[in-house]
>>> print(open('data10.cif').read())   # mmCIF, C-alpha atoms
data_structure
loop_
_atom_site.label_atom_id
_atom_site.label_comp_id
_atom_site.auth_asym_id
_atom_site.auth_seq_id
_atom_site.Cartn_x
_atom_site.Cartn_y
_atom_site.Cartn_z
CA MET U 1 -3.05 4.20 4.08
CA LYS U 2 -2.21 7.75 3.08
CA GLY U 3 -2.77 8.72 -0.51
CA TRP U 4 -5.54 6.32 -1.50
CA PHE U 5 -8.42 8.41 -0.14
CA ILE U 6 -7.93 10.88 -2.98
CA LEU U 7 -9.28 8.21 -5.32
CA LEU U 8 -12.69 9.87 -5.65
CA LEU U 9 -11.05 12.56 -7.75
CA PHE U 10 -10.58 9.92 -10.45
CA SER U 11 -14.15 10.06 -11.66
CA VAL U 12 -13.40 12.78 -14.20
CA PHE U 13 -9.93 11.83 -15.42
CA LEU U 14 -8.52 13.32 -18.64
CA LEU U 15 -5.94 11.08 -20.25
CA ALA U 16 -5.57 12.98 -23.51
CA GLY U 17 -2.25 14.76 -23.72
CA CYS U 18 -0.72 12.87 -20.78
CA GLY U 19 2.06 11.17 -22.68
CA ASN U 20 3.89 8.26 -21.07
CA SER U 21 7.39 9.33 -20.14
CA SER U 22 8.89 5.95 -21.04
CA GLU U 23 7.80 6.34 -24.67
CA ASP U 24 9.78 9.55 -25.05
CA ALA U 25 12.78 7.94 -23.40
CA GLN U 26 12.87 5.15 -25.97
CA THR U 27 13.06 7.46 -28.97
CA GLU U 28 16.40 7.44 -30.81
CA MET U 29 18.17 5.54 -28.03
CA GLY U 30 21.43 3.74 -28.60
CA GLU U 31 21.84 0.11 -27.72
CA ASN U 32 23.86 0.80 -24.57
CA GLU U 33 21.74 3.63 -23.23
CA LEU U 34 19.46 3.05 -20.25
CA LYS U 35 15.75 3.54 -20.70
CA LYS U 36 14.56 6.24 -18.33
CA VAL U 37 11.41 5.53 -16.32
CA ASN U 38 10.02 6.99 -13.14
CA PHE U 39 8.51 5.56 -9.99
CA VAL U 40 6.30 7.57 -7.64
CA LEU U 41 6.06 6.84 -3.93
CA ASP U 42 2.76 7.04 -2.09
CA TRP U 43 4.29 8.78 0.92
CA THR U 44 7.67 9.64 2.36
CA PRO U 45 10.30 6.87 2.04
CA ASN U 46 9.79 3.97 4.43
CA THR U 47 10.29 0.23 4.63
CA ASN U 48 7.38 -0.49 2.30
CA HIS U 49 9.65 0.97 -0.39
CA THR U 50 12.95 -0.71 0.49
CA GLY U 51 13.00 -3.10 -2.45
CA ILE U 52 12.90 -0.19 -4.88
CA TYR U 53 15.87 1.52 -3.27
CA VAL U 54 17.77 -1.77 -3.14
CA ALA U 55 17.13 -2.39 -6.84
CA ALA U 56 18.57 1.05 -7.61
CA ALA U 57 21.56 0.85 -5.27
CA GLU U 58 22.54 -2.72 -6.16
CA GLY U 59 22.37 -2.05 -9.90
CA TYR U 60 19.43 -4.34 -10.59
CA PHE U 61 17.66 -1.70 -12.65
CA ALA U 62 20.80 -0.99 -14.66
CA GLU U 63 21.23 -4.71 -15.30
CA GLU U 64 17.80 -4.64 -16.93
CA GLY U 65 18.64 -1.58 -19.02
CA LEU U 66 16.68 0.86 -16.89
CA GLU U 67 17.41 4.14 -15.17
CA VAL U 68 14.70 4.72 -12.56
CA GLU U 69 13.90 8.08 -11.05
CA ILE U 70 12.15 7.78 -7.67
CA MET U 71 9.70 10.64 -7.17
CA MET U 72 7.57 11.98 -4.34
CA PRO U 73 3.83 12.22 -5.11
CA GLY U 74 3.28 15.88 -4.27
CA GLU U 75 -0.24 17.25 -4.03
CA THR U 76 -1.45 15.38 -7.12
CA GLY U 77 -1.10 11.98 -5.51
CA ALA U 78 0.56 8.80 -6.73
CA ASP U 79 -2.57 7.15 -8.13
CA GLN U 80 -3.42 10.01 -10.47
CA LEU U 81 0.16 10.24 -11.71
CA ILE U 82 0.28 6.51 -12.42
CA ALA U 83 -3.12 6.33 -14.10
CA SER U 84 -2.45 9.33 -16.33
CA GLY U 85 0.96 8.07 -17.43
CA LYS U 86 2.85 10.94 -15.83
CA ALA U 87 4.48 8.25 -13.70
CA ASP U 88 5.37 4.92 -15.25
CA PHE U 89 5.14 3.00 -11.99
CA GLY U 90 4.33 3.71 -8.36
CA VAL U 91 2.95 2.63 -5.01
CA SER U 92 -0.79 2.26 -4.55
CA VAL U 93 -3.17 0.09 -2.52
CA GLN U 94 -5.92 -2.34 -3.43
CA GLU U 95 -8.58 -0.03 -1.97
CA ALA U 96 -7.69 2.77 -4.38
CA ILE U 97 -7.32 0.56 -7.44
CA THR U 98 -10.64 -1.15 -6.78
CA GLN U 99 -12.56 2.14 -6.75
CA ALA U 100 -10.53 3.50 -9.65
CA ARG U 101 -11.21 0.49 -11.88
CA VAL U 102 -14.93 0.72 -11.19
CA GLN U 103 -14.67 4.32 -12.41
CA ASP U 104 -12.86 3.10 -15.57
CA VAL U 105 -9.49 4.55 -14.52
CA PRO U 106 -6.76 2.46 -16.24
CA ILE U 107 -4.51 1.68 -13.26
CA VAL U 108 -3.33 -1.91 -12.70
CA SER U 109 -1.60 -3.63 -9.77
CA ILE U 110 1.45 -5.64 -10.85
CA ALA U 111 2.79 -6.81 -7.47
CA ALA U 112 1.79 -7.03 -3.82
CA ILE U 113 4.53 -5.44 -1.72
CA ILE U 114 3.25 -7.18 1.43
CA GLN U 115 1.35 -10.43 1.07
CA HIS U 116 -1.19 -9.88 3.87
CA ASN U 117 -2.85 -6.83 5.38
CA THR U 118 -0.81 -5.81 8.43
CA SER U 119 -2.98 -2.83 9.33
CA GLY U 120 -5.34 -2.50 12.24
CA PHE U 121 -6.81 -0.23 14.89
CA ALA U 122 -4.30 0.73 17.55
CA SER U 123 -4.83 2.27 20.95
CA PRO U 124 -2.73 2.84 24.07
CA VAL U 125 -3.40 0.12 26.64
CA SER U 126 -4.70 2.79 29.02
CA LYS U 127 -7.75 3.23 26.75
CA ASN U 128 -8.90 -0.34 27.53
CA ILE U 129 -9.89 -1.07 23.92
CA HIS U 130 -9.49 -4.81 23.46
CA THR U 131 -12.26 -5.69 20.98
CA PRO U 132 -14.41 -3.82 18.44
CA LYS U 133 -17.17 -3.72 21.05
CA ASP U 134 -14.86 -1.48 23.08
CA PHE U 135 -14.89 1.13 20.30
CA GLU U 136 -18.21 2.26 21.75
CA ASP U 137 -17.99 5.50 23.73
CA HIS U 138 -14.51 6.21 22.34
CA THR U 139 -13.16 8.61 19.70
CA TYR U 140 -11.58 7.39 16.47
CA GLY U 141 -9.00 9.55 14.73
CA GLY U 142 -9.00 9.10 10.98
CA PHE U 143 -8.10 10.75 7.69
CA GLY U 144 -11.54 11.47 6.33
CA ALA U 145 -12.29 8.55 3.98
CA PRO U 146 -15.72 6.88 3.83
CA VAL U 147 -14.11 3.43 3.98
CA GLU U 148 -12.93 4.05 7.54
CA LYS U 149 -16.41 4.16 9.03
CA SER U 150 -17.39 1.12 6.97
CA VAL U 151 -14.45 -0.91 8.23
CA ILE U 152 -15.13 0.06 11.84
CA ASP U 153 -18.81 -0.78 11.36
CA SER U 154 -17.94 -4.15 9.81
CA LEU U 155 -15.77 -5.12 12.77
CA MET U 156 -18.27 -3.82 15.33
CA LYS U 157 -21.13 -5.79 13.79
CA ASN U 158 -19.17 -8.96 14.49
CA ASP U 159 -19.25 -7.93 18.15
CA HIS U 160 -22.92 -6.85 18.06
CA ALA U 161 -21.78 -3.29 18.75
CA ASP U 162 -23.15 0.05 17.52
CA ILE U 163 -21.00 2.32 15.35
CA ASN U 164 -23.27 5.25 16.26
CA LYS U 165 -21.68 5.15 19.69
CA VAL U 166 -18.26 5.97 18.20
CA SER U 167 -17.12 9.56 17.73
CA ILE U 168 -15.14 9.98 14.49
CA LEU U 169 -12.66 12.83 14.23
CA ASN U 170 -10.62 13.75 11.16
CA ILE U 171 -7.04 14.21 12.36
CA GLY U 172 -5.48 14.46 8.89
CA ASP U 173 -1.72 14.00 9.03
CA THR U 174 -1.41 14.33 12.79
CA ASP U 175 1.13 11.92 14.25
CA PHE U 176 -0.50 8.88 15.88
CA PHE U 177 1.35 9.30 19.17
CA THR U 178 0.39 12.96 19.39
CA ALA U 179 -3.24 12.29 18.50
CA VAL U 180 -3.85 9.55 21.07
CA LYS U 181 -2.40 11.71 23.82
CA ARG U 182 -4.46 14.72 22.87
CA ASP U 183 -7.64 14.16 20.85
CA VAL U 184 -8.49 10.51 20.15
CA ASP U 185 -8.57 7.03 21.66
CA PHE U 186 -7.70 4.84 18.69
CA SER U 187 -6.57 5.10 15.08
CA TRP U 188 -5.77 2.98 12.02
CA ILE U 189 -2.08 2.15 11.59
CA TYR U 190 0.33 -0.13 9.77
CA TYR U 191 1.94 -2.14 12.52
CA GLY U 192 5.15 -2.56 10.50
CA TRP U 193 5.94 1.13 10.98
CA THR U 194 3.87 2.80 13.70
CA GLY U 195 3.48 -0.36 15.75
CA VAL U 196 7.20 -1.03 15.65
CA GLU U 197 7.83 2.59 16.59
CA ALA U 198 5.57 2.15 19.62
CA GLU U 199 7.66 -0.85 20.69
CA LEU U 200 10.84 1.22 20.44
CA ARG U 201 9.23 4.01 22.46
CA GLY U 202 8.17 1.54 25.12
CA GLU U 203 4.52 2.50 24.55
CA GLU U 204 2.38 -0.63 24.70
CA LEU U 205 -0.51 -0.79 22.25
CA ASN U 206 -3.64 -2.84 21.95
CA MET U 207 -4.00 -3.92 18.31
CA ILE U 208 -7.18 -5.01 16.57
CA TYR U 209 -6.09 -6.37 13.18
CA LEU U 210 -8.61 -6.31 10.34
CA THR U 211 -7.64 -9.83 9.30
CA ASP U 212 -8.63 -11.20 12.72
CA TYR U 213 -12.26 -10.32 12.03
CA SER U 214 -12.82 -10.72 8.31
CA LYS U 215 -11.08 -12.64 5.53
CA LYS U 216 -12.49 -10.10 3.10
CA LEU U 217 -10.37 -7.41 4.74
CA ASP U 218 -7.14 -9.29 4.07
CA TYR U 219 -6.42 -7.22 0.97
CA TYR U 220 -3.15 -6.10 -0.62
CA THR U 221 -1.79 -2.91 0.86
CA PRO U 222 0.49 -1.57 -0.50
CA VAL U 223 1.01 -2.68 -4.11
CA ILE U 224 3.11 -1.65 -7.08
CA ALA U 225 1.02 -0.30 -9.93
CA THR U 226 1.31 0.85 -13.50
CA ASN U 227 -1.22 1.85 -16.16
CA GLU U 228 -2.77 -0.03 -19.06
CA LYS U 229 -0.85 2.00 -21.64
CA MET U 230 2.48 0.86 -20.19
CA ILE U 231 1.33 -2.74 -20.19
CA HIS U 232 0.07 -2.66 -23.78
CA LYS U 233 2.82 -0.54 -25.37
CA ASN U 234 5.86 -1.19 -23.18
CA ALA U 235 5.44 -4.69 -21.82
CA ASP U 236 9.20 -5.30 -22.15
CA ILE U 237 9.91 -2.35 -19.85
CA VAL U 238 7.34 -3.53 -17.31
CA GLN U 239 8.90 -7.01 -17.41
CA ALA U 240 12.40 -5.63 -16.91
CA PHE U 241 11.28 -3.31 -14.14
CA MET U 242 9.55 -6.09 -12.23
CA LYS U 243 12.51 -8.44 -12.59
CA ALA U 244 14.73 -5.83 -10.92
CA VAL U 245 12.17 -4.96 -8.25
CA SER U 246 11.62 -8.62 -7.39
CA LYS U 247 15.36 -8.98 -6.85
CA GLY U 248 15.26 -5.88 -4.66
CA TYR U 249 12.57 -7.21 -2.36
CA THR U 250 14.15 -10.67 -2.27
CA PHE U 251 17.35 -8.96 -1.09
CA ALA U 252 15.33 -7.14 1.61
CA ILE U 253 13.81 -10.45 2.72
CA GLU U 254 17.13 -12.24 2.91
CA GLN U 255 19.35 -9.39 4.12
CA PRO U 256 17.17 -6.97 6.12
CA GLU U 257 20.04 -5.16 7.84
CA LYS U 258 21.86 -4.41 4.59
CA ALA U 259 18.56 -3.43 3.00
CA ALA U 260 17.82 -1.05 5.88
CA ASN U 261 21.22 0.58 5.44
CA ILE U 262 20.50 1.10 1.73
CA LEU U 263 17.19 2.81 2.56
CA LEU U 264 18.90 4.97 5.19
CA ALA U 265 21.57 6.01 2.71
CA ALA U 266 18.85 7.14 0.30
CA ALA U 267 16.74 8.80 3.00
CA PRO U 268 19.17 9.86 5.78
CA ASP U 269 16.54 11.85 7.69
CA LEU U 270 14.78 8.63 8.70
CA ASP U 271 15.23 7.28 12.22
CA GLU U 272 17.90 4.56 11.97
CA GLU U 273 16.63 2.47 14.84
CA LEU U 274 13.07 2.52 13.52
CA VAL U 275 14.09 1.67 9.96
CA LYS U 276 16.15 -1.32 11.05
CA ALA U 277 13.52 -2.65 13.45
CA SER U 278 10.77 -2.19 10.85
CA GLN U 279 12.90 -3.85 8.18
CA PHE U 280 13.40 -6.97 10.27
CA TRP U 281 9.68 -7.05 11.11
CA LEU U 282 8.69 -6.87 7.44
CA ALA U 283 11.35 -9.23 6.11
CA GLU U 284 9.26 -12.30 6.85
CA ARG U 285 6.01 -10.63 5.79
CA TYR U 286 6.81 -9.30 2.30
CA GLN U 287 6.35 -12.73 0.72
CA ASP U 288 4.92 -14.64 3.69
CA ASP U 289 3.08 -17.74 2.41
CA ALA U 290 3.05 -16.84 -1.30
CA ALA U 291 4.94 -18.93 -3.84
CA GLN U 292 6.97 -15.86 -4.79
CA TRP U 293 7.24 -12.25 -3.71
CA GLY U 294 4.62 -10.00 -5.28
CA GLU U 295 2.12 -12.70 -6.20
CA GLN U 296 -1.57 -11.76 -6.07
CA ASP U 297 -4.62 -13.97 -5.87
CA LEU U 298 -7.89 -13.36 -7.68
CA SER U 299 -9.95 -14.34 -4.63
CA VAL U 300 -8.35 -11.54 -2.58
CA TRP U 301 -9.44 -8.98 -5.16
CA GLU U 302 -12.92 -10.46 -5.46
CA ASN U 303 -13.45 -10.76 -1.70
CA TYR U 304 -12.53 -7.17 -0.97
CA ALA U 305 -14.57 -5.83 -3.89
CA ASP U 306 -17.58 -7.80 -2.64
CA TRP U 307 -17.10 -6.27 0.79
CA MET U 308 -16.87 -2.75 -0.68
CA LEU U 309 -20.01 -3.35 -2.73
CA GLU U 310 -21.82 -4.59 0.37
CA TYR U 311 -20.96 -1.35 2.17
CA ASN U 312 -21.95 0.84 -0.80
CA LEU U 313 -18.38 1.94 -1.45
CA LEU U 314 -18.58 0.94 -5.11
CA ASP U 315 -21.01 2.08 -7.79
CA LYS U 316 -20.93 -1.31 -9.52
CA PRO U 317 -19.15 -4.67 -9.29
CA LEU U 318 -15.43 -4.86 -10.01
CA ASP U 319 -14.01 -6.85 -12.92
CA ALA U 320 -11.25 -8.16 -10.66
CA LYS U 321 -9.35 -9.93 -13.44
CA GLU U 322 -8.58 -6.57 -15.03
CA ALA U 323 -7.44 -4.91 -11.80
CA PHE U 324 -4.20 -6.87 -11.35
CA THR U 325 -1.78 -9.20 -13.07
CA ASN U 326 1.01 -11.59 -12.08
CA GLN U 327 2.35 -11.85 -15.63
CA PHE U 328 5.34 -9.57 -15.05
CA LEU U 329 6.68 -11.39 -12.00
CA PRO U 330 9.86 -13.40 -12.73
CA ASN U 331 8.02 -16.73 -12.73
CA GLY U 332 5.03 -15.31 -14.55
CA GLY U 333 1.50 -16.29 -13.70
CA ASN U 334 -2.06 -15.94 -14.81
CA LYS U 335 -4.35 -13.10 -13.92
#
>>> encode(input="data10.cif", output="structure tokens")
Amino acid sequence: MKGWFILLLFSVFLLAGCGNSSEDAQTEMGENELKKVNFVLDWTPNTNHTGIYVAAAEGYFAEEGLEVEIMMPGETGADQLIASGKADFGVSVQEAITQARVQDVPIVSIAAIIQHNTSGFASPVSKNIHTPKDFEDHTYGGFGAPVEKSVIDSLMKNDHADINKVSILNIGDTDFFTAVKRDVDFSWIYYGWTGVEAELRGEELNMIYLTDYSKKLDYYTPVIATNEKMIHKNADIVQAFMKAVSKGYTFAIEQPEKAANILLAAAPDLDEELVKASQFWLAERYQDDAAQWGEQDLSVWENYADWMLEYNLLDKPLDAKEAFTNQFLPNGGNK
């Protein structure tokens, strides 16, 4: 969930002078030279990104004529870099793209990394938080985005509970396990990483998944994104990139242990036990019930945008058909 809350900075976005790096790379290139493109992560390397590292290590990018540089987002943030063309591709989330598109920022989702929303509100069992009603008289630790209070409110309304009885504290980048022992009672996590880590630590959590309470909150997080300029001017590169990435995530689905080792080789500072456990947990969830990895459904985009509009998180309705595309997946598809 990190990275997307910076999306409000998009409202005044200057695209002039932000040349797309792939265009420069194509100039005067020989037939056998690889086209250089870059890919920006949304956060530090983790198992959401494994398919990218697999595609690089297994030569899938090279097979498609690409040389891909994997970059960290820095202070600017992945979404701004992608939208401006300073990054050709990168990791985003449906939340960020929805608000960006409403603000006329030209960022487009081209694949869902995980088919269903695996995030939810986690708390140590000692806090006795079993339902959204139990949020009352407890402290939530968040990262300062307006959507957090709206999501909590949405879940609590289902339980006829009052969000005004919840204390909300901005904990920034504080580690979940540190925060719940010191300052807060519950927080929003991806189970595939933090939840798995809790299992390895032997720390039992109560989880309240968003998808258990609202179909509209089953949105795509994270996704792979590019910008409209890449799609319109370099569709062949986008096609080649997505062919390689799809092979990378298929490899991670079918061979999670080998995929985990590839990620660990690229990011050796990661905890080996956590990476492997997380990789096995995600292997069956990357594609889940979709016809192919990466596929996105229009109703998912429309449902979440409707929910955001209902909670006054959007200035106007989203044109969902312009926010994503399946056309660059190996088997193609309609928007």
>>> resolve_selection(input="data10.cif", expression="the PyMOL selection byres ((chain U and resi 82) around 12)", output="MDAnalysis selection string")
chainID U and resid 10 13 15 18:21 37:42 71 73 76:81 83:92 96:97 100 105:109 224:230
>>> residues_around(input="data10.cif", residues="U:Gly192", least_positions_apart="3", cutoff="9 Å", atoms="only C-alpha atoms", output="count of residues only")
13
>>> residues_around(input="data10.cif", residues="U:Leu66", least_positions_apart="5", cutoff="9 Å", atoms="only C-alpha atoms", output="list in words")
Glu33, Leu34, Lys35, Lys36, Val37, Tyr60, Phe61, Ile237, Ala240 and Phe241 of chain U
>>> closest_residue(input="data10.cif", among="U:Phe143, U:Tyr311, U:Tyr304, U:Trp293", to="U:Phe328", atoms="all atoms listed in the file")
U:Trp293
>>> atom_distance(input="data10.cif", atom1="atom CA of U:Lys215", atom2="atom CA of U:Thr194")
23.0 Å
>>> closest_residue(input="data10.cif", among="U:Val238, U:Leu274, U:Ala112, U:Ala161", to="U:Asp297", atoms="all atoms listed in the file")
U:Ala112
>>> atom_distance(input="data10.cif", atom1="atom CA of U:Met207", atom2="atom CA of U:His116")
15.9 Å
>>> resolve_selection(input="data10.cif", expression="the PyMOL selection byres ((chain U and resi 313-316) around 8)", output="JSON, numbers by chain")
{"U": [99, 102, 146, 147, 305, 308, 309, 310, 311, 312, 317, 318]}
>>> write_last_selection(input="data10.cif", atoms="C-alpha atoms", output="PDB file, in the coordinates of the input")
ATOM      1  CA  GLN U  99     -12.560   2.140  -6.750  1.00  0.00           C
ATOM      2  CA  VAL U 102     -14.930   0.720 -11.190  1.00  0.00           C
ATOM      3  CA  PRO U 146     -15.720   6.880   3.830  1.00  0.00           C
ATOM      4  CA  VAL U 147     -14.110   3.430   3.980  1.00  0.00           C
ATOM      5  CA  ALA U 305     -14.570  -5.830  -3.890  1.00  0.00           C
ATOM      6  CA  MET U 308     -16.870  -2.750  -0.680  1.00  0.00           C
ATOM      7  CA  LEU U 309     -20.010  -3.350  -2.730  1.00  0.00           C
ATOM      8  CA  GLU U 310     -21.820  -4.590   0.370  1.00  0.00           C
ATOM      9  CA  TYR U 311     -20.960  -1.350   2.170  1.00  0.00           C
ATOM     10  CA  ASN U 312     -21.950   0.840  -0.800  1.00  0.00           C
ATOM     11  CA  PRO U 317     -19.150  -4.670  -9.290  1.00  0.00           C
ATOM     12  CA  LEU U 318     -15.430  -4.860 -10.010  1.00  0.00           C
TER      13      LEU U 318
END
>>> resolve_selection(input="data10.cif", expression="the PyMOL selection byres ((chain U and resi 218) around 10)", output="MDAnalysis selection string")
chainID U and resid 115:119 209:217 219:221 300:301 303:304
>>> residues_near_point(input="data10.cif", point="(-18.9, 2.5, 20.3)", cutoff="10 Å", atoms="all atoms listed in the file", output="ChimeraX atom specification")
/U:132-140,152-153,156,161-167
>>> write_last_selection(input="data10.cif", atoms="C-alpha atoms", output="tab-separated table (two decimals), keeping the file's coordinate frame")
chain	number	residue	atom	x	y	z
U	132	PRO	CA	-14.41	-3.82	18.44
U	133	LYS	CA	-17.17	-3.72	21.05
U	134	ASP	CA	-14.86	-1.48	23.08
U	135	PHE	CA	-14.89	1.13	20.30
U	136	GLU	CA	-18.21	2.26	21.75
U	137	ASP	CA	-17.99	5.50	23.73
U	138	HIS	CA	-14.51	6.21	22.34
U	139	THR	CA	-13.16	8.61	19.70
U	140	TYR	CA	-11.58	7.39	16.47
U	152	ILE	CA	-15.13	0.06	11.84
U	153	ASP	CA	-18.81	-0.78	11.36
U	156	MET	CA	-18.27	-3.82	15.33
U	161	ALA	CA	-21.78	-3.29	18.75
U	162	ASP	CA	-23.15	0.05	17.52
U	163	ILE	CA	-21.00	2.32	15.35
U	164	ASN	CA	-23.27	5.25	16.26
U	165	LYS	CA	-21.68	5.15	19.69
U	166	VAL	CA	-18.26	5.97	18.20
U	167	SER	CA	-17.12	9.56	17.73
>>> residues_around(input="data10.cif", residues="U:Thr174", least_positions_apart="3", cutoff="12 Å", atoms="all atoms listed in the file", output="VMD selection string")
chain U and resid 2 141 to 143 169 to 171 177 to 184 187
>>> build_atoms(input="data10.cif", residues="stretch 95-103 of chain U", atoms="all heavy atoms", output="mmCIF file, in the frame of the given file")
data_model
loop_
_atom_site.group_PDB
_atom_site.id
_atom_site.type_symbol
_atom_site.label_atom_id
_atom_site.label_comp_id
_atom_site.auth_asym_id
_atom_site.auth_seq_id
_atom_site.Cartn_x
_atom_site.Cartn_y
_atom_site.Cartn_z
ATOM 1 N N GLU U 95 -7.378 -0.847 -2.158
ATOM 2 C CA GLU U 95 -8.580 -0.030 -1.970
ATOM 3 C C GLU U 95 -8.737 0.984 -3.109
ATOM 4 O O GLU U 95 -9.802 1.134 -3.704
ATOM 5 C CB GLU U 95 -8.538 0.730 -0.651
ATOM 6 C CG GLU U 95 -8.285 -0.107 0.571
ATOM 7 C CD GLU U 95 -6.843 -0.015 1.016
ATOM 8 O OE1 GLU U 95 -5.956 -0.390 0.223
ATOM 9 O OE2 GLU U 95 -6.606 0.432 2.144
ATOM 10 N N ALA U 96 -7.653 1.707 -3.377
ATOM 11 C CA ALA U 96 -7.690 2.770 -4.380
ATOM 12 C C ALA U 96 -7.909 2.216 -5.781
ATOM 13 O O ALA U 96 -8.698 2.748 -6.571
ATOM 14 C CB ALA U 96 -6.398 3.576 -4.342
ATOM 15 N N ILE U 97 -7.204 1.137 -6.098
ATOM 16 C CA ILE U 97 -7.320 0.560 -7.440
ATOM 17 C C ILE U 97 -8.708 -0.008 -7.668
ATOM 18 O O ILE U 97 -9.272 0.113 -8.760
ATOM 19 C CB ILE U 97 -6.220 -0.490 -7.661
ATOM 20 C CG1 ILE U 97 -4.855 0.196 -7.686
ATOM 21 C CG2 ILE U 97 -6.461 -1.263 -8.959
ATOM 22 C CD1 ILE U 97 -3.681 -0.747 -7.819
ATOM 23 N N THR U 98 -9.291 -0.598 -6.640
ATOM 24 C CA THR U 98 -10.640 -1.150 -6.780
ATOM 25 C C THR U 98 -11.634 -0.054 -7.155
ATOM 26 O O THR U 98 -12.403 -0.199 -8.117
ATOM 27 C CB THR U 98 -11.079 -1.828 -5.470
ATOM 28 O OG1 THR U 98 -10.196 -2.925 -5.200
ATOM 29 C CG2 THR U 98 -12.502 -2.358 -5.584
ATOM 30 N N GLN U 99 -11.629 1.053 -6.424
ATOM 31 C CA GLN U 99 -12.560 2.140 -6.750
ATOM 32 C C GLN U 99 -12.216 2.769 -8.096
ATOM 33 O O GLN U 99 -13.103 3.134 -8.870
ATOM 34 C CB GLN U 99 -12.556 3.189 -5.644
ATOM 35 C CG GLN U 99 -13.312 2.725 -4.414
ATOM 36 C CD GLN U 99 -13.930 3.868 -3.631
ATOM 37 O OE1 GLN U 99 -14.075 4.979 -4.114
ATOM 38 N NE2 GLN U 99 -14.309 3.581 -2.404
ATOM 39 N N ALA U 100 -10.924 2.892 -8.382
ATOM 40 C CA ALA U 100 -10.530 3.500 -9.650
ATOM 41 C C ALA U 100 -10.986 2.670 -10.846
ATOM 42 O O ALA U 100 -11.515 3.194 -11.833
ATOM 43 C CB ALA U 100 -9.006 3.674 -9.686
ATOM 44 N N ARG U 101 -10.812 1.359 -10.770
ATOM 45 C CA ARG U 101 -11.210 0.490 -11.880
ATOM 46 C C ARG U 101 -12.718 0.544 -12.117
ATOM 47 O O ARG U 101 -13.171 0.527 -13.265
ATOM 48 C CB ARG U 101 -10.806 -0.963 -11.586
ATOM 49 C CG ARG U 101 -9.320 -1.235 -11.506
ATOM 50 C CD ARG U 101 -8.560 -1.018 -12.776
ATOM 51 N NE ARG U 101 -9.163 -1.634 -13.939
ATOM 52 C CZ ARG U 101 -8.562 -1.712 -15.128
ATOM 53 N NH1 ARG U 101 -7.348 -1.205 -15.293
ATOM 54 N NH2 ARG U 101 -9.157 -2.266 -16.158
ATOM 55 N N VAL U 102 -13.480 0.615 -11.054
ATOM 56 C CA VAL U 102 -14.930 0.720 -11.190
ATOM 57 C C VAL U 102 -15.304 2.021 -11.891
ATOM 58 O O VAL U 102 -16.320 2.103 -12.586
ATOM 59 C CB VAL U 102 -15.598 0.617 -9.798
ATOM 60 C CG1 VAL U 102 -17.055 1.035 -9.835
ATOM 61 C CG2 VAL U 102 -15.487 -0.819 -9.289
ATOM 62 N N GLN U 103 -14.451 3.038 -11.748
ATOM 63 C CA GLN U 103 -14.670 4.320 -12.410
ATOM 64 C C GLN U 103 -13.964 4.393 -13.766
ATOM 65 O O GLN U 103 -13.812 5.461 -14.355
ATOM 66 C CB GLN U 103 -14.190 5.459 -11.514
ATOM 67 C CG GLN U 103 -14.957 5.561 -10.206
ATOM 68 C CD GLN U 103 -14.327 6.548 -9.236
ATOM 69 O OE1 GLN U 103 -13.401 7.284 -9.563
ATOM 70 N NE2 GLN U 103 -14.833 6.564 -8.017
#
